[in-house]
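So the structure is just underneath, and the comments pick up after that.
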Protein chains: 2
Amino acid sequence: MSEGVEWAVHCCLNLAWADAGRGVPAARLAALYQLPAAYLNKQLQALVRDGILMSTSGPRGGFRLGRRPADITLLDIVTAIEGADEAFRCTEIRRRTPWPHTQGDFRDPCLIHQAMGRADLAWRRELAAQTLAEVKATVERSAPGLPGRTREWLAATPH
Amino acid sequence: MSEGVEWAVHCCLNLAWADAGRGVPAARLAALYQLPAAYLNKQLQALVRDGILMSTSGPRGGFRLGRRPADITLLDIVTAIEGADEAFRCTEIRRRTPWPHTQGDFRDPCLIHQAMGRADLAWRRELAAQTLAEVKATVERSAPGLPGRTREWLAATPH
DNA sequence: GTCTGCATACTCGGATAAGAGCTGTCCGAGTAGCTTAGG
DNA sequence: CCTAAGCTACTCGGACAGCTCTTATCCGAGTATGCAGAC
């Protein structure tokens, strides 16, 4: 899985803590964790494409959440960065046997594909069950001072 | 996910159908689906390393199952090819904030990592629940003639 | 006829290249705010 | 003093390289088989 997923989730969380009225530039978010700003910008673009974030150009511009944290799941973020395809790619190699096909052999879907699909579905179900709002609440219970510190630092003017 | 996983599962299934006494060369298994023989060999080596297959060199050599199909799970095969690492890599970027750390901030594990870990666990659990014996039985119900055809073709001398 | 030694062909195993995708960087389009000149 | 036009600086967005990992290939080590020759 791409490393951008980790960045994206952390950034979404930080944007949930930031002032709702203001946007946060990609460079500022990158400075928070000393990440390459331009590349992080690329990842955030993907989040914008899926409506998870909104972007504003120009001075005082930047990124903000596109919808409420309760309506953003971890699956949404992962899908935006990684794409919607499932991990296991079934290329139907079973059809390439040297002997001639018997009619009806391939009416049923590939059972290996199905088994992998079940696992993929369980993974997606678990990710979709976790909203950004829930993660945010859990983190706030674990580190009560973190939201305030983050919000202040994001709002402060960089020098 | 690597394409080798698909090949590996199909090959394990075919080896479960093959004569128990004889080994099947990688080239023969590759010919079944018109795959690059040398590269398939590389994937099968990974299965041997994890004890899923056994290999024999020389004439009349080849690969056979390393243990009973009931003791081989889909997770075993995927892990052998892809490695045991979980998909999401937590690099602990939360520790790189510009402000000084408050003691106890990082006593709890990264909650984002935990959430991703839960999804990963659900995926593994689903894969571990499916044994090769179960997949084999399901396929045999769906295509009763397939095991016999496969077994015969694998045993036939290539020309 | 039987045993032994050898040559042969076959198979796996790891070392070695090509290609694709992730990672990282750069520059241009567009915009909001500031400055400045005029009324 | 107020207004408006122009300028400046800032930000996103997409186009352009570098690098790691997957994909693919090749050759050598080892082994069972079959054959030939001697006893």
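Order determines the names: the first chain of the structure tokens is A, the second B, and so forth; residues in each chain are numbered 1 upward, and ligands are numbered 1 upward as they are shown.
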
Could the residues of chain C within 12 Å of chain B, counting only C-alpha atoms (C1' of nucleotides), be given as a PyMOL selection string, please? chain C and resi 8-14

At most 9 Å is the cut-off: for each residue in chain D with any atom that close to an atom of chain B, write down the nearest atom pair and the distance in Å rounded to one decimal, counting only C-alpha atoms (C1' of nucleotides), chain first then increasing number, as CSV.
```
residue,atom,partner,partner_atom,distance
D:DT22,C1',B:Ser2,CA,7.4
D:DT23,C1',B:Tyr39,CA,8.0
D:DA24,C1',B:Tyr39,CA,6.4
D:DT25,C1',B:Ala38,CA,7.3
D:DG30,C1',B:Ser57,CA,7.2
D:DT31,C1',B:Gly58,CA,4.7
D:DA32,C1',B:Pro59,CA,5.7
D:DT33,C1',B:Pro59,CA,7.2
```

Please produce an output containing C-alpha atoms (C1' of nucleotides) for each residue in the selection, written as an mmCIF file, in the first residue's frame.
```cif
data_model
loop_
_atom_site.group_PDB
_atom_site.id
_atom_site.type_symbol
_atom_site.label_atom_id
_atom_site.label_comp_id
_atom_site.auth_asym_id
_atom_site.auth_seq_id
_atom_site.Cartn_x
_atom_site.Cartn_y
_atom_site.Cartn_z
ATOM 1 C "C1'" DT D 22 7.558 -6.467 -9.692
ATOM 2 C "C1'" DT D 23 8.184 -9.147 -13.803
ATOM 3 C "C1'" DA D 24 10.964 -11.893 -16.758
ATOM 4 C "C1'" DT D 25 15.127 -14.489 -18.205
ATOM 5 C "C1'" DG D 30 22.683 -31.523 -8.198
ATOM 6 C "C1'" DT D 31 20.338 -35.946 -9.199
ATOM 7 C "C1'" DA D 32 17.954 -40.003 -11.012
ATOM 8 C "C1'" DT D 33 17.952 -42.641 -15.166
#
```

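Shortest separation to chain B among A:Asp50, A:Asp105, A:Asp85, A:Asp76 occurs at residue A:Asp105, atoms counted being only C-alpha atoms.
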
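In this comparison, which uses only C-alpha atoms, the residue of B:Val48, B:Ala8, B:Ile77, B:Ala122 approaching chain A most closely is B:Ala122.
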
Please build the interface table for chain A against chain B with a cut-off of 9 Å, listing for each qualifying residue the nearest atom pair and the distance in Å to one decimal; count only C-alpha atoms, order rows by chain and increasing number, and write it as JSON lines.
```
{"residue": "A:Met1", "atom": "CA", "partner": "B:Ala87", "partner_atom": "CA", "distance": 5.3}
{"residue": "A:Ser2", "atom": "CA", "partner": "B:Phe88", "partner_atom": "CA", "distance": 7.9}
{"residue": "A:Glu3", "atom": "CA", "partner": "B:Arg89", "partner_atom": "CA", "distance": 6.9}
{"residue": "A:Val5", "atom": "CA", "partner": "B:Phe88", "partner_atom": "CA", "distance": 8.0}
{"residue": "A:Glu6", "atom": "CA", "partner": "B:Cys90", "partner_atom": "CA", "distance": 6.8}
{"residue": "A:Trp7", "atom": "CA", "partner": "B:Ile93", "partner_atom": "CA", "distance": 8.1}
{"residue": "A:Val9", "atom": "CA", "partner": "B:Ile112", "partner_atom": "CA", "distance": 7.6}
{"residue": "A:His10", "atom": "CA", "partner": "B:Arg94", "partner_atom": "CA", "distance": 8.0}
{"residue": "A:Ala31", "atom": "CA", "partner": "B:Pro98", "partner_atom": "CA", "distance": 7.9}
{"residue": "A:Leu32", "atom": "CA", "partner": "B:Thr97", "partner_atom": "CA", "distance": 5.3}
{"residue": "A:Tyr33", "atom": "CA", "partner": "B:Arg96", "partner_atom": "CA", "distance": 4.9}
{"residue": "A:Gln34", "atom": "CA", "partner": "B:Arg96", "partner_atom": "CA", "distance": 6.9}
{"residue": "A:Leu35", "atom": "CA", "partner": "B:Ile93", "partner_atom": "CA", "distance": 8.9}
{"residue": "A:Leu74", "atom": "CA", "partner": "B:Met116", "partner_atom": "CA", "distance": 8.5}
{"residue": "A:Glu86", "atom": "CA", "partner": "B:Met1", "partner_atom": "CA", "distance": 8.9}
{"residue": "A:Ala87", "atom": "CA", "partner": "B:Met1", "partner_atom": "CA", "distance": 5.3}
{"residue": "A:Phe88", "atom": "CA", "partner": "B:Met1", "partner_atom": "CA", "distance": 5.8}
{"residue": "A:Arg89", "atom": "CA", "partner": "B:Glu3", "partner_atom": "CA", "distance": 6.9}
{"residue": "A:Cys90", "atom": "CA", "partner": "B:Glu6", "partner_atom": "CA", "distance": 6.8}
{"residue": "A:Thr91", "atom": "CA", "partner": "B:Glu6", "partner_atom": "CA", "distance": 8.1}
{"residue": "A:Ile93", "atom": "CA", "partner": "B:Tyr33", "partner_atom": "CA", "distance": 5.9}
{"residue": "A:Arg94", "atom": "CA", "partner": "B:Tyr33", "partner_atom": "CA", "distance": 6.9}
{"residue": "A:Arg95", "atom": "CA", "partner": "B:Tyr33", "partner_atom": "CA", "distance": 7.8}
{"residue": "A:Arg96", "atom": "CA", "partner": "B:Tyr33", "partner_atom": "CA", "distance": 5.0}
{"residue": "A:Thr97", "atom": "CA", "partner": "B:Leu32", "partner_atom": "CA", "distance": 5.3}
{"residue": "A:Pro98", "atom": "CA", "partner": "B:Leu32", "partner_atom": "CA", "distance": 6.3}
{"residue": "A:Trp99", "atom": "CA", "partner": "B:Arg149", "partner_atom": "CA", "distance": 8.4}
{"residue": "A:Thr102", "atom": "CA", "partner": "B:Gly145", "partner_atom": "CA", "distance": 8.9}
{"residue": "A:Gly104", "atom": "CA", "partner": "B:Ala143", "partner_atom": "CA", "distance": 8.4}
{"residue": "A:Asp105", "atom": "CA", "partner": "B:Ala143", "partner_atom": "CA", "distance": 6.0}
{"residue": "A:Phe106", "atom": "CA", "partner": "B:Ala143", "partner_atom": "CA", "distance": 8.5}
{"residue": "A:Asp108", "atom": "CA", "partner": "B:Ser142", "partner_atom": "CA", "distance": 7.2}
{"residue": "A:Cys110", "atom": "CA", "partner": "B:Val139", "partner_atom": "CA", "distance": 8.8}
{"residue": "A:Leu111", "atom": "CA", "partner": "B:Val139", "partner_atom": "CA", "distance": 6.8}
{"residue": "A:Ile112", "atom": "CA", "partner": "B:Val135", "partner_atom": "CA", "distance": 7.4}
{"residue": "A:His113", "atom": "CA", "partner": "B:Glu6", "partner_atom": "CA", "distance": 8.5}
{"residue": "A:Ala115", "atom": "CA", "partner": "B:Gln130", "partner_atom": "CA", "distance": 7.6}
{"residue": "A:Met116", "atom": "CA", "partner": "B:Leu127", "partner_atom": "CA", "distance": 7.2}
{"residue": "A:Arg118", "atom": "CA", "partner": "B:Glu126", "partner_atom": "CA", "distance": 7.1}
{"residue": "A:Ala119", "atom": "CA", "partner": "B:Trp123", "partner_atom": "CA", "distance": 4.9}
{"residue": "A:Asp120", "atom": "CA", "partner": "B:Trp123", "partner_atom": "CA", "distance": 6.3}
{"residue": "A:Leu121", "atom": "CA", "partner": "B:Trp123", "partner_atom": "CA", "distance": 8.0}
{"residue": "A:Ala122", "atom": "CA", "partner": "B:Trp123", "partner_atom": "CA", "distance": 5.8}
{"residue": "A:Trp123", "atom": "CA", "partner": "B:Ala119", "partner_atom": "CA", "distance": 4.9}
{"residue": "A:Arg124", "atom": "CA", "partner": "B:Ala119", "partner_atom": "CA", "distance": 7.3}
{"residue": "A:Arg125", "atom": "CA", "partner": "B:Ala119", "partner_atom": "CA", "distance": 7.9}
{"residue": "A:Glu126", "atom": "CA", "partner": "B:Ala119", "partner_atom": "CA", "distance": 5.1}
{"residue": "A:Leu127", "atom": "CA", "partner": "B:Ala119", "partner_atom": "CA", "distance": 5.9}
{"residue": "A:Gln130", "atom": "CA", "partner": "B:Ala115", "partner_atom": "CA", "distance": 7.6}
{"residue": "A:Val135", "atom": "CA", "partner": "B:Ile112", "partner_atom": "CA", "distance": 7.4}
{"residue": "A:Thr138", "atom": "CA", "partner": "B:Leu111", "partner_atom": "CA", "distance": 7.8}
{"residue": "A:Val139", "atom": "CA", "partner": "B:Leu111", "partner_atom": "CA", "distance": 6.8}
{"residue": "A:Ser142", "atom": "CA", "partner": "B:Asp108", "partner_atom": "CA", "distance": 7.2}
{"residue": "A:Ala143", "atom": "CA", "partner": "B:Asp105", "partner_atom": "CA", "distance": 6.0}
{"residue": "A:Gly145", "atom": "CA", "partner": "B:Thr102", "partner_atom": "CA", "distance": 8.9}
{"residue": "A:Leu146", "atom": "CA", "partner": "B:Asp105", "partner_atom": "CA", "distance": 8.3}
{"residue": "A:Arg149", "atom": "CA", "partner": "B:Trp99", "partner_atom": "CA", "distance": 8.4}
{"residue": "A:Thr150", "atom": "CA", "partner": "B:Thr97", "partner_atom": "CA", "distance": 8.9}
{"residue": "A:Trp153", "atom": "CA", "partner": "B:Trp99", "partner_atom": "CA", "distance": 8.5}
```

Write the residues of the selection above to a file with C-alpha atoms, as a JSON list (two decimals), in the first residue's frame.
```json
[["chain", "number", "residue", "atom", "x", "y", "z"],
["A", 1, "MET", "CA", 0.00, 0.00, 0.00],
["A", 2, "SER", "CA", 1.22, 3.47, -0.86],
["A", 3, "GLU", "CA", 2.78, 5.53, 1.92],
["A", 5, "VAL", "CA", -2.38, 6.71, 2.69],
["A", 6, "GLU", "CA", -0.73, 7.31, 6.05],
["A", 7, "TRP", "CA", -0.13, 10.97, 5.16],
["A", 9, "VAL", "CA", -5.33, 10.07, 7.07],
["A", 10, "HIS", "CA", -3.18, 12.20, 9.35],
["A", 31, "ALA", "CA", 5.78, 21.07, 7.59],
["A", 32, "LEU", "CA", 3.86, 19.43, 10.42],
["A", 33, "TYR", "CA", 5.57, 16.12, 9.71],
["A", 34, "GLN", "CA", 8.51, 17.26, 7.56],
["A", 35, "LEU", "CA", 7.08, 15.69, 4.43],
["A", 74, "LEU", "CA", -11.18, 5.36, 6.33],
["A", 86, "GLU", "CA", -9.46, -4.87, -5.23],
["A", 87, "ALA", "CA", -6.00, -6.10, -4.33],
["A", 88, "PHE", "CA", -6.32, -9.53, -5.94],
["A", 89, "ARG", "CA", -6.47, -9.37, -9.73],
["A", 90, "CYS", "CA", -8.16, -12.38, -11.31],
["A", 91, "THR", "CA", -6.89, -12.76, -14.87],
["A", 93, "ILE", "CA", -5.98, -18.07, -16.23],
["A", 94, "ARG", "CA", -8.26, -21.07, -15.74],
["A", 95, "ARG", "CA", -9.55, -20.46, -19.28],
["A", 96, "ARG", "CA", -6.15, -21.09, -20.84],
["A", 97, "THR", "CA", -6.02, -24.85, -20.36],
["A", 98, "PRO", "CA", -4.65, -26.75, -23.38],
["A", 99, "TRP", "CA", -7.67, -29.06, -23.62],
["A", 102, "THR", "CA", -16.50, -28.18, -21.76],
["A", 104, "GLY", "CA", -20.70, -24.82, -18.69],
["A", 105, "ASP", "CA", -17.22, -25.08, -17.17],
["A", 106, "PHE", "CA", -17.01, -21.33, -16.70],
["A", 108, "ASP", "CA", -19.76, -20.22, -12.33],
["A", 110, "CYS", "CA", -13.79, -18.28, -10.53],
["A", 111, "LEU", "CA", -14.03, -19.67, -7.00],
["A", 112, "ILE", "CA", -10.54, -18.56, -6.08],
["A", 113, "HIS", "CA", -11.48, -15.06, -7.12],
["A", 115, "ALA", "CA", -12.64, -16.48, -1.93],
["A", 116, "MET", "CA", -10.23, -13.58, -2.32],
["A", 118, "ARG", "CA", -14.70, -12.31, 0.45],
["A", 119, "ALA", "CA", -11.48, -11.39, 2.24],
["A", 120, "ASP", "CA", -11.32, -8.09, 0.38],
["A", 121, "LEU", "CA", -14.91, -7.39, 1.37],
["A", 122, "ALA", "CA", -14.19, -8.06, 5.04],
["A", 123, "TRP", "CA", -11.28, -5.61, 4.82],
["A", 124, "ARG", "CA", -13.42, -2.94, 3.21],
["A", 125, "ARG", "CA", -16.25, -3.50, 5.67],
["A", 126, "GLU", "CA", -13.88, -2.92, 8.58],
["A", 127, "LEU", "CA", -12.45, 0.24, 7.03],
["A", 130, "GLN", "CA", -14.47, 3.60, 11.01],
["A", 135, "VAL", "CA", -10.98, 8.21, 15.03],
["A", 138, "THR", "CA", -10.62, 8.28, 20.16],
["A", 139, "VAL", "CA", -7.43, 10.25, 19.61],
["A", 142, "SER", "CA", -5.90, 9.43, 24.27],
["A", 143, "ALA", "CA", -4.12, 12.80, 23.86],
["A", 145, "GLY", "CA", -3.88, 18.39, 24.41],
["A", 146, "LEU", "CA", -3.13, 17.41, 20.84],
["A", 149, "ARG", "CA", -1.72, 22.35, 19.90],
["A", 150, "THR", "CA", -2.30, 21.28, 16.30],
["A", 153, "TRP", "CA", 0.24, 25.65, 15.10]]
```

Grab the atom CA of Ile81 of chain B to atom C1' of DC22 of chain C distance for me, in Å with one decimal place. 20.2 Å

Write out as a PyMOL selection string all residues of segment 3-157 of chain A that DSSP puts in strand (DSSP E) for this structure's backbone. chain A and resi 53-56+62-65
